[in-house]
Structure formats: structure tokens, C-alpha cells
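First comes the structure, then the notes that go with it.
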Amino acid sequence: MHKYIILSFLLFAALLSQAQKKVSISGTVTGINSGETLIGASVRVAGIKNSGTITNSYGFYSLSVVPGEYTFIFSYVGYEEVTKRIKVLRDTTLGVALAIKTNLSEVVVHASTQKDIVSSPQMGLIQMDMKQANMVPVIMGERDVLKTISLMPGVKSAGEGNAGFYVRGGASDQNLILLDGAPIYNAAHLFGFFSVFNSDAIKDVSLYKGGMPAQYGGRLSSVLDIKMNDGNNQKTTLEGGLGLIASRLKLEGPIVKNKGSFMLSGRRTYADLFLKLSSDTAVKKSSLYFYDLNVKANYKFNDKNGIYFSGYYGKDQMGVRDLFSLHWSNVAGTFRYNHIFNSRLFSNTYFIYNNYNYTVEQLKNGNEFNLTSKIEDLSFKQDLEYKLNSSHSFKLGASVIHHKIAPGDISSTDSSSFNDQHVQRRYGFETAAYLSDHWKATDRLNVLAGIRLSDMFIVGPGTFTKYNPDGSTISSKDYTSGQLVKSYLNLEPRLSASYRLNDFSSIKLSYNRNTQNIHLLSNSTSSSPNDLYVMSSENIQPEIADQISTGYFRKFKNGQFEFSAELYYKWLQNQIDYKDGAEFIANKEVESQLTYGDGRAYGLELFLKKKYGRLNGWIGYTLSRTERSFAAINHGKYYPARQDRTHDLSIVGIYKLNKRWSFSASFIYGTGNAVSYPTGKYSIGGNTTYSYSERNGYRLPATNRLDIGATLEGKKHKNYQTSWTFSIYNVYASHDPYIITFRDSKTKPNTTEAVETSLFPVPIPSITWNFKF
Amino acid sequence: MNNKKTNIYPVLILLIVLMSGACERVVDLNLRDDVGKLVIEANITNKNEAQVIYLTQNVSFSQPNEYPPVSGAEVSVRSNNGKSYLFKESRPGVYTSDSFAGIAGEIYYLTVISDGKTYQASSQMPGFIPIDSVLAQKKEISDDENERRIAIKFKDPINIQNQYRFLLHVNDTLIKQVYTTSDRLTDGREVTYYFQINDDDIKVKVGDSVRVEMQCVDLPIYTYWFTLESSEGSGGPGGGVTPSNPPTNIMPTVLGYFSAHTTETQNIEVQ
């Protein structure tokens, strides 16, 4: 293993010494009006083929050239192109600010934006265009990046009213969700009817489904990298929206003009205010709301040094007075120090804190208790980007995350049925180091080769028990604070390559291995707020995924259209399931109730996108299979996972009628979830009981739904702007099945019946009023 | 303890109903049949009476709830202190012993020979724990002043692992649900267990008669009932656990169980 590391560094050093006599030009690309850095803006040199690059996640670019005079062209979707002619004789800094196109209803034409799908070696990447995403109609008018992401091929929503998503056959806890670098454990509000990401505060969303770059790790199936707005460093603005169930407000502005800015964004639902109007006492006495707060501030000392702070706090509260309450919250804070050593070396240093916690309170007489659970991380991360020459750009870095998990503590009263209970905390260090090289091998061949070394250390204090597969104890040992219990070292190779066939098409290939040491235990078929997080241990091995994929990428009409076809195959090891009768809440011996198996997933994803124009949008189609195998289930044979969806189709269209009116529509069709239905019935204890033959041998009916939306921009005023958004969810009242249950018939005695429940079988209209000062 | 889990869901359901007017409809499904399988329901209790063991077969989902009896089997039970009890077929599929009372701490071994196959199981009768009381409390959330929630109280013995199963009858009709609890989190406490009735059409009101049976069961039988209980009803978001046959203690695997348990029943008139 160590050989590999040494080899990698030798290679790196060799490349460094080879550096040609070139100079570099670098800088930050921003928007003129807002001062926001532009991610994925294109920078190229006029007259030199394939000389271009794009800005990184922080709006920074760096180009190597032989000393001389050049014309540089800067462009970005929806912005005016800027051309600069300068002499570059030594390493030079050039910052550029682009202006927004004033008349967007015209057909925007530009050379290339974001990562060019043809020349970039990256595959399996979805980059959301937030402008486009914000036009997609959603339930209750609450724009939601997670909902929109699930309209992309290879991504499946966990079901109606669920913010969870599955990527290429992975489970919902196998997605690494990062908000400005801080992991978010539970991205769901209100049991998943909404996500924790308030669109107002979000600048950029990228989802990696495959070919994960080496700087990301820790989860098996995807990386959802979300960047928050930096805040306008030119002028102070206030904007917001009043909706049916939630309102939003965002304030942003300069701290010191051109040097620093802040952004404050909040959102709160008020469904509970409507509860008070209800005549039903049960409803009246309930509380039901969530809120979020996003904060960001940055300050640039000079061209080379800047500090950034991002914070998020979100909380859900629901309960019935005198009976019970449940609340959960996510906290995340990132402090980032950005330093540009020189035009070739770009550095980011992160300190990150995040936690997820929930509390369940039972208030019923004689059953009083309070259960709390928490997972808390403290991380340090150092990322470096080094541009060696025009053919080699390196990324390297290291990180360490300290995990602390409090699985569950119960406190109760004297008269309660419950004992006070304390389940031991668990501690671990998740460390990683990575190195990757973006190598422009030839004019046609682009390679992104990387390696990630991850090492998980589980440490004391605590009593650690090893279990047999049947759940009986093998041994139990006490560890002192900081004493090593177990460590897992994993080497994760990552490779993607693209070969350009011509100016508008390419083929790509990728392989990646990912490992995961934080696992979510859930004893229901979808996630719920009181699911339990556990670390790898003596019993739980790190989950491992290997994925290969290949694809064909093509641009049409100067990049106005993009088409891609990707094939993938994924192997999953050490997947976790629970045994019959498992109880996870405040259970010291939870690891005795687990069973381990394998998985596999494969599929074909087709994607056609029209990026701009009066009518834009996309069509995505996925043909796929997702299977699991556990010794104790189905006699060890592979069976379809619940989220296995043979066909999945989504169509999104956005049409700008004129300066004031835009319309949008989205249509989805998908094969129903794999479920277990009875193959017989019998009587036990006087109850009708159902017998089952195989796991997930049936399908729920296929789902399909059409949502539409419209936006009306108010008349332009000097000092303010307003707009209305309207949407109708489930226009043609499709009965999408949420669940099918079996029961004794109420109408025909002595028989049984199957009952289908649909959550939103009727069209749901919504209206939101937005304003901006 | 599963109180804790299930109690989250009424609010969720409330939310769904509020937001959408979620709807239910009866659907026709084309289900495969895997029927004619042996079902053994065997109980030994601490009451001095004829103990009864039922042998039936499962039927197709679309058939009426009538289960064909399995006749002509040889059924016997012996205990670890050497006593054995013969069960005679008193009615088709119903096998009855002479009166005897199971004894706490004894392990009972069941043998069923049916259709040339031998099935075996064992179960240890736990110690007897008495019911303290059955309560009817005013339901916090109800439009009806007279609606009540039923609870049972008992004292869990400390430092012994105990598992319980309850049966609830309202006006002599069995509530068709499985109720279980264990002392994993309530060891040694004065325990109040609330009955939650999933069927909205059944309301317990002042004047009703309620009968509660408490059984102390061993761990494998608790796991059997608890698994059954977990897969019951809607089970919350996403449909609860994936349903499967609960783990039986009978070898080779058949549908059903063999349980040696204590039992006590208390009746109240709801006030």
C-alpha cells in the first residue's frame, strides 16, 4: 500500500521538475452587479485551439502560456462576454467582472459554459443551472434543489413526500451532501416533504454520480456539492417571498465594498397557523413547522488572501400538546481561508463543525421520557490546486474528521415506565489524503487520474463487543479514552478519461472505488428523522463500492443542446440490513441485530438538454436494475432493492413567452417500487396474518405525474421588483400509489382486501409573491 | 417501547391529510398463490385446563377467511422434567390435552408429525407477573368527552429480562392487532402500557366492557410477535418494515409458533 503513495509522490515530483518555461495568468471571475464569484466560467485564448480552462468552485482560473501578448476571452451563461488583450511576460494576475445580459429573452449565444461536457474528462456529473432549476414547478411552490435533482437520469426520488434520493442504485445514506464543505446528515424537513436547502441561499449545485474526483470521499454512491451565495459586495439588497405555507427573506450586501460581503437568508413555514383554525382538537393542539437560517460572510484582505464563513441552522418541530413532540435540527459551520500562493498554487484551508440531533419527547401519563441522539463532527481539511503547466493540473490535500456519536440517551420521571438510559458515545477519526492529476495528454485525450487513501480509526473510551452472525457475543472489551479499537485503511483509485472524437463529441471511461465508514440504520423502508448513525466497528466493515462507467457525449448547435449516454455497473460490498425484530432506539446492542450482504446496480442513462433559448429544458431516461443479496433473505439470491426502478423518465420544459411571462412543466414516469405482497393468508391469535414467499417480488403500479408552473414578472420599478409564481402539482390528478396495505374487508365480512393509499391524488395549486429591493 | 416509534406517525398522517386529503381505495391485485402450507399454532399456559393446539393450512388471499384444518397428525408435548402430554384431535385440526397447568421455568418440547414430516419446537415458560390494573383514561385528542384510552399497569421485576404480549377485547370483540412490549427500557419499573387502536372506526367509550389478557412470553416468541406487530398496518412513512414471515421457533420452518407462556385476564367496565 505504501508503495503506491511513494510512487504517486515520485510521479508528482518528476512532473514538477519537468516544468516548462511557461508563465501563468490567473485570477477570479465575478459578476459585476453582485460581486459573486462565477463558478465554471470559461476563459480561453483567442486563436489557440483547446487553450481554454474554466473557473473552479471558487471562481478562480489559471492558464499557462508561453510569454507573449494574447487576447483572453471570458464568458459565462447569461453574461456579456469580456475580451482582454494583454502582455503576459511573467506570472500575472487578472481579475475580470462580467455584466449580466440585459435582455434575457433574446436567444443567448456563447461559446462554452460550466464544465464542457465534451472535452472534460469528468463523467457522471450533473451541474444544476440554478436559474433553470428555480423555474421547475414544485409542490407548494417551495423550490427545492433536491426535488429538481431527482428529475435527472440516474437519480431517483425516494418517493412522493420524501427528500431522500438514490443515485445509481445506492441507498439514501450513501450520498455525501456538502453545504459549503460541511456534511449535512439529514437533508429533510417535515419527514422529507421539503429539503433543508433554501433556494434563495444557493449558488451552485453539482452532483457526482460516478467518476468521483479524489478530493471527495466518505460515501459510496454520490457527492452532492452545494455552494451558498457569497452575498453582493456592491450594494445591499433585500428580497423575499410570501408563499402559502412558507415565507422567505434574504438580505445581502457589502461589508466593505469590493472587499467583503454578507448574506443572510431565512425561511419559515407556518402550516401550524392553519392548524389553529381547524375545528378538530387533535389538529388544533399540534405544532408543525420548520425554519432555516443561512449565513455567509467573506472578506478579501487582498488579491491573495480571503476568509469565508458559512453557517446553517435548520430545525423541525412537530408535536401534539400533552402527548408527544419530536424535533430535529442540523447545524453546520465552515470557516475557510483562501490563499493564492502564486498564479499556479491555490489553497483552501477549512475548519468545519456540524451536527445533527433529534429529540423525542413522550408526555403521556406514566410514559414520560425524553430521548436524545446526536452525531457531531469536527473537521480540518487542506486542499491545494497546483497548475504545473498547460497539460498537468494537480489537486492534492488531506483531511481529518473527528466523529462523536451519541446514539441515544433517555431521561424520564419517577412515575414513568422508563428507566434513565445512557448508550455509550462512540468516537472516531476519519482521515484521508488524496492526489489527482488532470492531464491533458493530447489534444484529444484528457485524463483525470487520482488516488485517495482513507483511514478510519475507531477509538475508545467504551466497551466494544464482537458478535457472531447469530447475534450472540464473542467477546467484550473495555477501552480507555483515545485507545485504538480498530482501524480500516482503504485505497481508492479514481480514474476518468475522455477522448474527443471531434469538436462536438467525445467518449469517456471511468472507474472509481469509494468507501464509507458512517452508516445509517433504518428499520423502515425509507429514512425517518430518528434513524441511527453508526460508525464502522469490529462488527461493521467499511462499505465498499466499485463503479465502472462509459459514455458518449455530444454537443449540437454550438452547445445549445447537449446529449449524453452513460452506461454504468456498480458492485457494493458490506451492505447493512437489520434482522427480524430489530430494535434500534437507545439499544446498546444494536450491532448484534445487523446482517451484511452485497449489492449490484447497472443501467443506461440518456440525457438531452437544451441549455438556453426561449424554450429550454431537458429529457432524461434511465433503464436500470438495483439488487441486493443477503444470506438470510431469499435464500441468499439477488432480489430487487425497493428503489429498483426499471424505467424512469422525466421531461422538463421552460418557455419564456415574453418579458413578463414564463411557463414551465415537468412530467415524470417511473416503474413502481419493488415491494413484498402476500402469497397467502392464515389465522394466528385470531388475527388474519399474511404469508410471504420472496422479498420484493412485486411492483407498485407505475407512477406518473405532470406539474406546471408560471412566473409573472411585475412591471419594472426603479427601486424594487416583484414577481408572482404559480404552480399546480399533479395537474391531472394521477393516483400515484404511496403504499398498498392488506386488511380484513370492512364491507364484505370474512374476506380480505388490498388498499392503496395515495398522498396527493388531487391537483395542488400554490401561489407565491416575491419581491426584491 | 415500540410505542415510541409508532407515536410519531399520527402526526405525520395528520400532516399528510392536512396537505392533501390523502385518499384510500380498494384495489385488485393479481397475487401469486403459495398455499396449502402447514400452520401450527401451539400454546401451553399456566392455567390448569385442557391445552389446545391448532393445525391449519394457509389459503389464497382472494379466498374467504376460512382455513382448512389439518387432521390426522400426531401431536405431543413433553417437559424437561420428564412429563409428557398427549394431544388428541377433538375436532378436525384441533388437538386437545387433558387438563394440566404449565409451570414457570419449565421448558416444553412440542412434536407434531403430520403427513410423514416431524416438526419440533421448544419454549420456556417465563415467571408469572400479575396485572396491577387496567385503566381507562380520557383521550387527550378527541371530540368526544366519553372517548377513552385503555392502558394496563404492571410491575416489571428488576434484573430479569421480561417480554409481554397483550390481547385487548372491547365488548367481547378481539381487537385484531398484535400488542407487545419488553422491559429493555423499563426494567424494574411500574409500567403503563397504552393500547393504540389502528382502526379509526373502533372507539372505546364510557360504558363499554374491556377485557385485557397479559401474557409473559419467552424471547423467541416475543421476537415473533414483535415482528408481526412491526409489519402491521401502515407503519408510517415509506410503509414501515418490509413484511416477511415472522421468525418461527418451529423446525423445520413452518408458519406459526409454539409458545409456553403465563396468562392473566382482567375485565373492567369503562368509566
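Just so we're on the same page: first chain in the C-alpha cells is A, next is B, and so on; residues restart at 1 for each chain, and ligands are numbered from 1 in the order they show up.
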Find the spatial neighbours of segment 228-237 of chain A, counting only C-alpha atoms, within a cut-off of 9 Å - ignore same-chain residues fewer than 4 positions away - and output them as a PyMOL selection string.
chain A and resi 32-37+179-180+200-204+250-264+294-298+308+310+772-773
Using DSSP on the backbone, list every residue of segment 519-553 of chain A that comes out as strand (DSSP E or B), and give them as a list in words.
His519, Leu520, Leu521, Leu532, Tyr533, Val534, Met535, Glu543, Ile544, Ala545, Asp546, Gln547, Ile548, Ser549, Thr550, Gly551, Tyr552 and Phe553 of chain A
Within 7 Å of chain B: residues of chain A, using only C-alpha atoms, as a PyMOL selection string:
chain A and resi 281-282+319+366-367+417-419+523-526+580-581+676+679-682+684+687+691-692+739+741+750-761
Within 7 Å of Leu168 of chain B, counting only C-alpha atoms, which residues show up once you throw out same-chain ones fewer than 2 positions away? Write them as a CSV table (one decimal) with N, CA, C and O atoms, in the first residue's frame, please.
chain,number,residue,atom,x,y,z
B,166,PHE,N,-50.0,-8.7,24.8
B,166,PHE,CA,-51.4,-8.4,25.3
B,166,PHE,C,-52.4,-8.7,24.3
B,166,PHE,O,-52.2,-8.6,23.1
B,170,VAL,N,-62.8,-5.5,23.3
B,170,VAL,CA,-63.8,-4.4,23.6
B,170,VAL,C,-65.1,-5.0,23.3
B,170,VAL,O,-65.4,-5.4,22.2
B,174,LEU,N,-62.5,-9.2,19.9
B,174,LEU,CA,-61.0,-9.1,19.9
B,174,LEU,C,-60.6,-8.0,19.0
B,174,LEU,O,-61.0,-7.9,17.8
B,175,ILE,N,-59.7,-7.1,19.5
B,175,ILE,CA,-59.1,-6.1,18.6
B,175,ILE,C,-58.0,-6.8,17.8
B,175,ILE,O,-57.1,-7.3,18.4
B,211,ARG,N,-61.8,-6.2,28.2
B,211,ARG,CA,-61.1,-7.3,28.8
B,211,ARG,C,-59.6,-7.3,28.2
B,211,ARG,O,-59.4,-7.2,27.0
B,212,VAL,N,-58.7,-7.4,29.1
B,212,VAL,CA,-57.3,-7.4,28.7
B,212,VAL,C,-56.6,-8.7,29.2
B,212,VAL,O,-56.7,-9.0,30.4
B,213,GLU,N,-55.9,-9.4,28.3
B,213,GLU,CA,-55.1,-10.5,28.7
B,213,GLU,C,-53.7,-10.2,28.6
B,213,GLU,O,-53.2,-9.6,27.6
For segment 79-82 of chain B, find every residue with an atom within 7 Å (counting only C-alpha atoms), except residues of its own chain fewer than 6 positions away, and show them as number ranges by chain.
B: 106-109
Suppose you want the space between atom CA of Ile544 of chain A and atom CA of Thr646 of chain A; what is it in Å?
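Calculated distance between atom CA of Ile544 of chain A and atom CA of Thr646 of chain A is 24.0 Å.
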DSSP helix (DSSP H, G or I) selection over segment 93-255 of chain B, as JSON, numbers by chain
{"B": [219, 220, 221, 222, 223, 224, 225, 226, 227, 228, 229, 230, 237, 238, 239]}
Taking 6 positions as the minimum chain separation for residues in the same chain, which residues sit within 9 Å of segment 52-55 of chain A when counting only C-alpha atoms? Answer as a list in words.
Gly27, Thr28, Val29, Leu38, Ile39, Gly40, Ala41, Ser42, Val43, Arg44, Val45, Tyr61, Ser62, Leu63, Thr113, Gln114, Lys115 and Asp116 of chain A
Of the candidates A:Ala46, A:Ile307, A:Val485, A:Val652, which shows the shortest atom-to-atom distance to Tyr621 of chain A, using only C-alpha atoms?
A:Val652
As a PyMOL selection string, please: the residues near segment 121-134 of chain B (cut-off 8 Å, only C-alpha atoms, same-chain neighbours under 2 positions excluded).
chain B and resi 102-111+119+136+150-157+162+212+214+216-218+249-251+258-268
Please, could you write that set of residues out with N, CA, C and O atoms as a short mmCIF file (atom, residue, chain, number, x, y, z; two decimals), in the first residue's frame?
data_model
loop_
_atom_site.label_atom_id
_atom_site.label_comp_id
_atom_site.auth_asym_id
_atom_site.auth_seq_id
_atom_site.Cartn_x
_atom_site.Cartn_y
_atom_site.Cartn_z
N GLY B 102 -49.09 -25.43 32.88
CA GLY B 102 -47.67 -25.27 32.64
C GLY B 102 -47.02 -24.62 33.86
O GLY B 102 -47.67 -23.88 34.60
N ILE B 103 -45.75 -24.92 34.07
CA ILE B 103 -45.06 -24.41 35.25
C ILE B 103 -43.93 -23.47 34.82
O ILE B 103 -43.17 -23.79 33.91
N ALA B 104 -43.86 -22.35 35.51
CA ALA B 104 -42.84 -21.33 35.20
C ALA B 104 -41.45 -21.95 35.28
O ALA B 104 -41.15 -22.73 36.18
N GLY B 105 -40.61 -21.62 34.33
CA GLY B 105 -39.23 -22.10 34.33
C GLY B 105 -39.05 -23.40 33.57
O GLY B 105 -37.94 -23.74 33.18
N GLU B 106 -40.14 -24.18 33.37
CA GLU B 106 -40.03 -25.44 32.65
C GLU B 106 -39.87 -25.18 31.14
O GLU B 106 -40.46 -24.24 30.61
N ILE B 107 -39.10 -26.05 30.52
CA ILE B 107 -39.01 -25.98 29.07
C ILE B 107 -39.95 -27.04 28.50
O ILE B 107 -39.94 -28.19 28.95
N TYR B 108 -40.76 -26.67 27.55
CA TYR B 108 -41.70 -27.59 26.91
C TYR B 108 -41.26 -27.88 25.49
O TYR B 108 -40.79 -26.98 24.78
N TYR B 109 -41.37 -29.15 25.11
CA TYR B 109 -40.96 -29.57 23.78
C TYR B 109 -42.18 -30.04 23.01
O TYR B 109 -42.92 -30.90 23.49
N LEU B 110 -42.39 -29.48 21.86
CA LEU B 110 -43.54 -29.85 21.03
C LEU B 110 -43.07 -30.77 19.89
O LEU B 110 -42.03 -30.51 19.28
N THR B 111 -43.83 -31.80 19.65
CA THR B 111 -43.57 -32.63 18.47
C THR B 111 -44.88 -32.79 17.69
O THR B 111 -45.90 -33.15 18.27
N TYR B 119 -42.19 -32.11 13.03
CA TYR B 119 -41.88 -30.71 13.37
C TYR B 119 -41.62 -30.61 14.87
O TYR B 119 -42.37 -31.20 15.66
N ALA B 136 -58.82 3.16 32.22
CA ALA B 136 -59.42 3.86 31.09
C ALA B 136 -59.21 5.35 31.35
O ALA B 136 -59.69 5.88 32.34
N ILE B 150 -57.32 2.95 26.66
CA ILE B 150 -57.12 1.86 27.61
C ILE B 150 -55.61 1.66 27.84
O ILE B 150 -54.81 1.73 26.93
N ALA B 151 -55.28 1.44 29.11
CA ALA B 151 -53.89 1.15 29.46
C ALA B 151 -53.86 0.02 30.47
O ALA B 151 -54.86 -0.23 31.16
N ILE B 152 -52.74 -0.66 30.52
CA ILE B 152 -52.57 -1.71 31.53
C ILE B 152 -51.34 -1.37 32.35
O ILE B 152 -50.35 -0.85 31.82
N LYS B 153 -51.46 -1.62 33.67
CA LYS B 153 -50.31 -1.36 34.55
C LYS B 153 -49.84 -2.65 35.17
O LYS B 153 -50.66 -3.49 35.55
N PHE B 154 -48.54 -2.79 35.28
CA PHE B 154 -47.96 -3.94 35.98
C PHE B 154 -46.58 -3.57 36.47
O PHE B 154 -45.99 -2.58 36.02
N LYS B 155 -46.07 -4.36 37.40
CA LYS B 155 -44.74 -4.09 37.94
C LYS B 155 -43.77 -5.09 37.31
O LYS B 155 -43.92 -6.30 37.48
N ASP B 156 -42.79 -4.54 36.59
CA ASP B 156 -41.79 -5.41 35.96
C ASP B 156 -40.73 -5.79 36.98
O ASP B 156 -40.18 -4.93 37.66
N PRO B 157 -40.45 -7.10 37.14
CA PRO B 157 -39.41 -7.49 38.10
C PRO B 157 -38.01 -7.05 37.63
O PRO B 157 -37.68 -7.19 36.46
N ASN B 162 -37.76 -9.57 30.68
CA ASN B 162 -39.15 -9.98 30.51
C ASN B 162 -39.73 -9.47 29.21
O ASN B 162 -39.37 -8.40 28.75
N VAL B 212 -58.68 -7.38 29.14
CA VAL B 212 -57.28 -7.39 28.72
C VAL B 212 -56.61 -8.66 29.22
O VAL B 212 -56.74 -9.01 30.39
N MET B 214 -52.94 -10.48 29.66
CA MET B 214 -51.49 -10.25 29.64
C MET B 214 -50.78 -11.59 29.63
O MET B 214 -51.06 -12.46 30.45
N CYS B 216 -46.91 -13.45 29.66
CA CYS B 216 -45.45 -13.30 29.75
C CYS B 216 -44.87 -14.36 28.82
O CYS B 216 -45.13 -15.56 29.00
N VAL B 217 -44.11 -13.92 27.81
CA VAL B 217 -43.61 -14.85 26.79
C VAL B 217 -42.09 -14.88 26.79
O VAL B 217 -41.43 -13.97 27.29
N ASP B 218 -41.54 -15.95 26.22
CA ASP B 218 -40.08 -16.01 26.17
C ASP B 218 -39.56 -15.19 24.98
O ASP B 218 -40.34 -14.68 24.18
N ASN B 249 -40.24 -20.45 15.90
CA ASN B 249 -39.32 -21.30 16.69
C ASN B 249 -39.51 -22.77 16.35
O ASN B 249 -38.96 -23.64 17.01
N ILE B 250 -40.30 -23.05 15.32
CA ILE B 250 -40.56 -24.44 14.93
C ILE B 250 -39.58 -24.86 13.82
O ILE B 250 -39.34 -24.10 12.89
N MET B 251 -39.02 -26.06 13.98
CA MET B 251 -38.09 -26.60 12.98
C MET B 251 -38.65 -27.89 12.43
O MET B 251 -39.13 -28.71 13.21
N PHE B 258 -44.75 -21.96 18.63
CA PHE B 258 -45.08 -22.72 19.85
C PHE B 258 -44.67 -21.88 21.05
O PHE B 258 -43.51 -21.54 21.23
N SER B 259 -45.67 -21.54 21.88
CA SER B 259 -45.41 -20.62 22.98
C SER B 259 -45.86 -21.21 24.31
O SER B 259 -47.02 -21.62 24.45
N ALA B 260 -44.94 -21.28 25.27
CA ALA B 260 -45.31 -21.60 26.64
C ALA B 260 -45.29 -20.29 27.40
O ALA B 260 -44.24 -19.65 27.49
N HIS B 261 -46.44 -19.84 27.85
CA HIS B 261 -46.50 -18.52 28.49
C HIS B 261 -47.47 -18.51 29.66
O HIS B 261 -48.34 -19.37 29.76
N THR B 262 -47.31 -17.51 30.52
CA THR B 262 -48.28 -17.34 31.60
C THR B 262 -49.37 -16.41 31.08
O THR B 262 -49.17 -15.67 30.13
N THR B 263 -50.52 -16.49 31.71
CA THR B 263 -51.61 -15.63 31.28
C THR B 263 -52.45 -15.17 32.46
O THR B 263 -52.57 -15.88 33.46
N GLU B 264 -52.94 -13.96 32.35
CA GLU B 264 -53.88 -13.45 33.33
C GLU B 264 -54.81 -12.49 32.60
O GLU B 264 -54.38 -11.79 31.69
N THR B 265 -56.09 -12.47 33.02
CA THR B 265 -57.06 -11.63 32.35
C THR B 265 -57.75 -10.72 33.36
O THR B 265 -58.01 -11.13 34.49
N GLN B 266 -58.01 -9.51 32.98
CA GLN B 266 -58.77 -8.61 33.84
C GLN B 266 -59.83 -7.90 33.02
O GLN B 266 -59.58 -7.49 31.88
N ASN B 267 -61.04 -7.79 33.61
CA ASN B 267 -62.15 -7.11 32.95
C ASN B 267 -62.43 -5.80 33.65
O ASN B 267 -62.33 -5.71 34.88
N ILE B 268 -62.77 -4.79 32.90
CA ILE B 268 -63.28 -3.57 33.54
C ILE B 268 -64.47 -3.05 32.74
O ILE B 268 -64.62 -3.36 31.55
#
Mind pulling up the distance from atom CA of Ala586 of chain A to atom CA of Tyr356 of chain A?
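Atom-to-atom, atom CA of Tyr356 of chain A and atom CA of Ala586 of chain A are spaced 16.3 Å apart.
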Test item: residues at most 9 Å from Glu89 of chain B, only C-alpha atoms, excluding those fewer than 2 positions along its chain, as a PDB file with N, CA and C atoms, in the first residue's frame:
ATOM      1  N   SER B  71     -55.959 -32.642   9.657  1.00  0.00           N
ATOM      2  CA  SER B  71     -56.340 -33.754  10.540  1.00  0.00           C
ATOM      3  C   SER B  71     -55.300 -34.866  10.504  1.00  0.00           C
ATOM      4  N   GLY B  72     -55.432 -35.760  11.454  1.00  0.00           N
ATOM      5  CA  GLY B  72     -54.652 -36.987  11.448  1.00  0.00           C
ATOM      6  C   GLY B  72     -53.202 -36.817  11.857  1.00  0.00           C
ATOM      7  N   ALA B  73     -52.877 -35.705  12.516  1.00  0.00           N
ATOM      8  CA  ALA B  73     -51.494 -35.514  12.942  1.00  0.00           C
ATOM      9  C   ALA B  73     -51.286 -36.125  14.321  1.00  0.00           C
ATOM     10  N   GLU B  74     -50.038 -36.457  14.598  1.00  0.00           N
ATOM     11  CA  GLU B  74     -49.686 -36.884  15.965  1.00  0.00           C
ATOM     12  C   GLU B  74     -49.083 -35.702  16.671  1.00  0.00           C
ATOM     13  N   VAL B  75     -49.715 -35.281  17.792  1.00  0.00           N
ATOM     14  CA  VAL B  75     -49.258 -34.080  18.482  1.00  0.00           C
ATOM     15  C   VAL B  75     -48.959 -34.428  19.931  1.00  0.00           C
ATOM     16  N   PHE B  87     -51.846 -35.065  22.892  1.00  0.00           N
ATOM     17  CA  PHE B  87     -52.939 -34.220  22.395  1.00  0.00           C
ATOM     18  C   PHE B  87     -53.771 -35.030  21.416  1.00  0.00           C
ATOM     19  N   ARG B  91     -61.666 -31.946  17.480  1.00  0.00           N
ATOM     20  CA  ARG B  91     -62.405 -31.528  16.286  1.00  0.00           C
ATOM     21  C   ARG B  91     -61.367 -31.535  15.169  1.00  0.00           C
ATOM     22  N   PRO B  92     -61.792 -31.520  13.891  1.00  0.00           N
ATOM     23  CA  PRO B  92     -60.766 -31.537  12.838  1.00  0.00           C
ATOM     24  C   PRO B  92     -59.761 -30.393  13.017  1.00  0.00           C
ATOM     25  N   GLY B  93     -58.502 -30.715  13.083  1.00  0.00           N
ATOM     26  CA  GLY B  93     -57.450 -29.701  13.188  1.00  0.00           C
ATOM     27  C   GLY B  93     -57.253 -29.146  14.582  1.00  0.00           C
ATOM     28  N   VAL B  94     -58.083 -29.550  15.542  1.00  0.00           N
ATOM     29  CA  VAL B  94     -57.970 -29.036  16.917  1.00  0.00           C
ATOM     30  C   VAL B  94     -57.527 -30.181  17.813  1.00  0.00           C
ATOM     31  N   TYR B  95     -56.346 -30.023  18.405  1.00  0.00           N
ATOM     32  CA  TYR B  95     -55.756 -31.083  19.209  1.00  0.00           C
ATOM     33  C   TYR B  95     -55.732 -30.637  20.664  1.00  0.00           C
ATOM     34  N   THR B  96     -56.349 -31.471  21.560  1.00  0.00           N
ATOM     35  CA  THR B  96     -56.571 -31.065  22.944  1.00  0.00           C
ATOM     36  C   THR B  96     -55.932 -32.063  23.895  1.00  0.00           C
ATOM     37  N   SER B  97     -55.381 -31.542  24.995  1.00  0.00           N
ATOM     38  CA  SER B  97     -54.787 -32.416  26.011  1.00  0.00           C
ATOM     39  C   SER B  97     -55.763 -32.558  27.170  1.00  0.00           C
TER      40      SER B  97
END
Enter the distance from atom CA of Gly714 of chain A to atom CA of Ser727 of chain A, in Å, rounded to one decimal.
17.0 Å
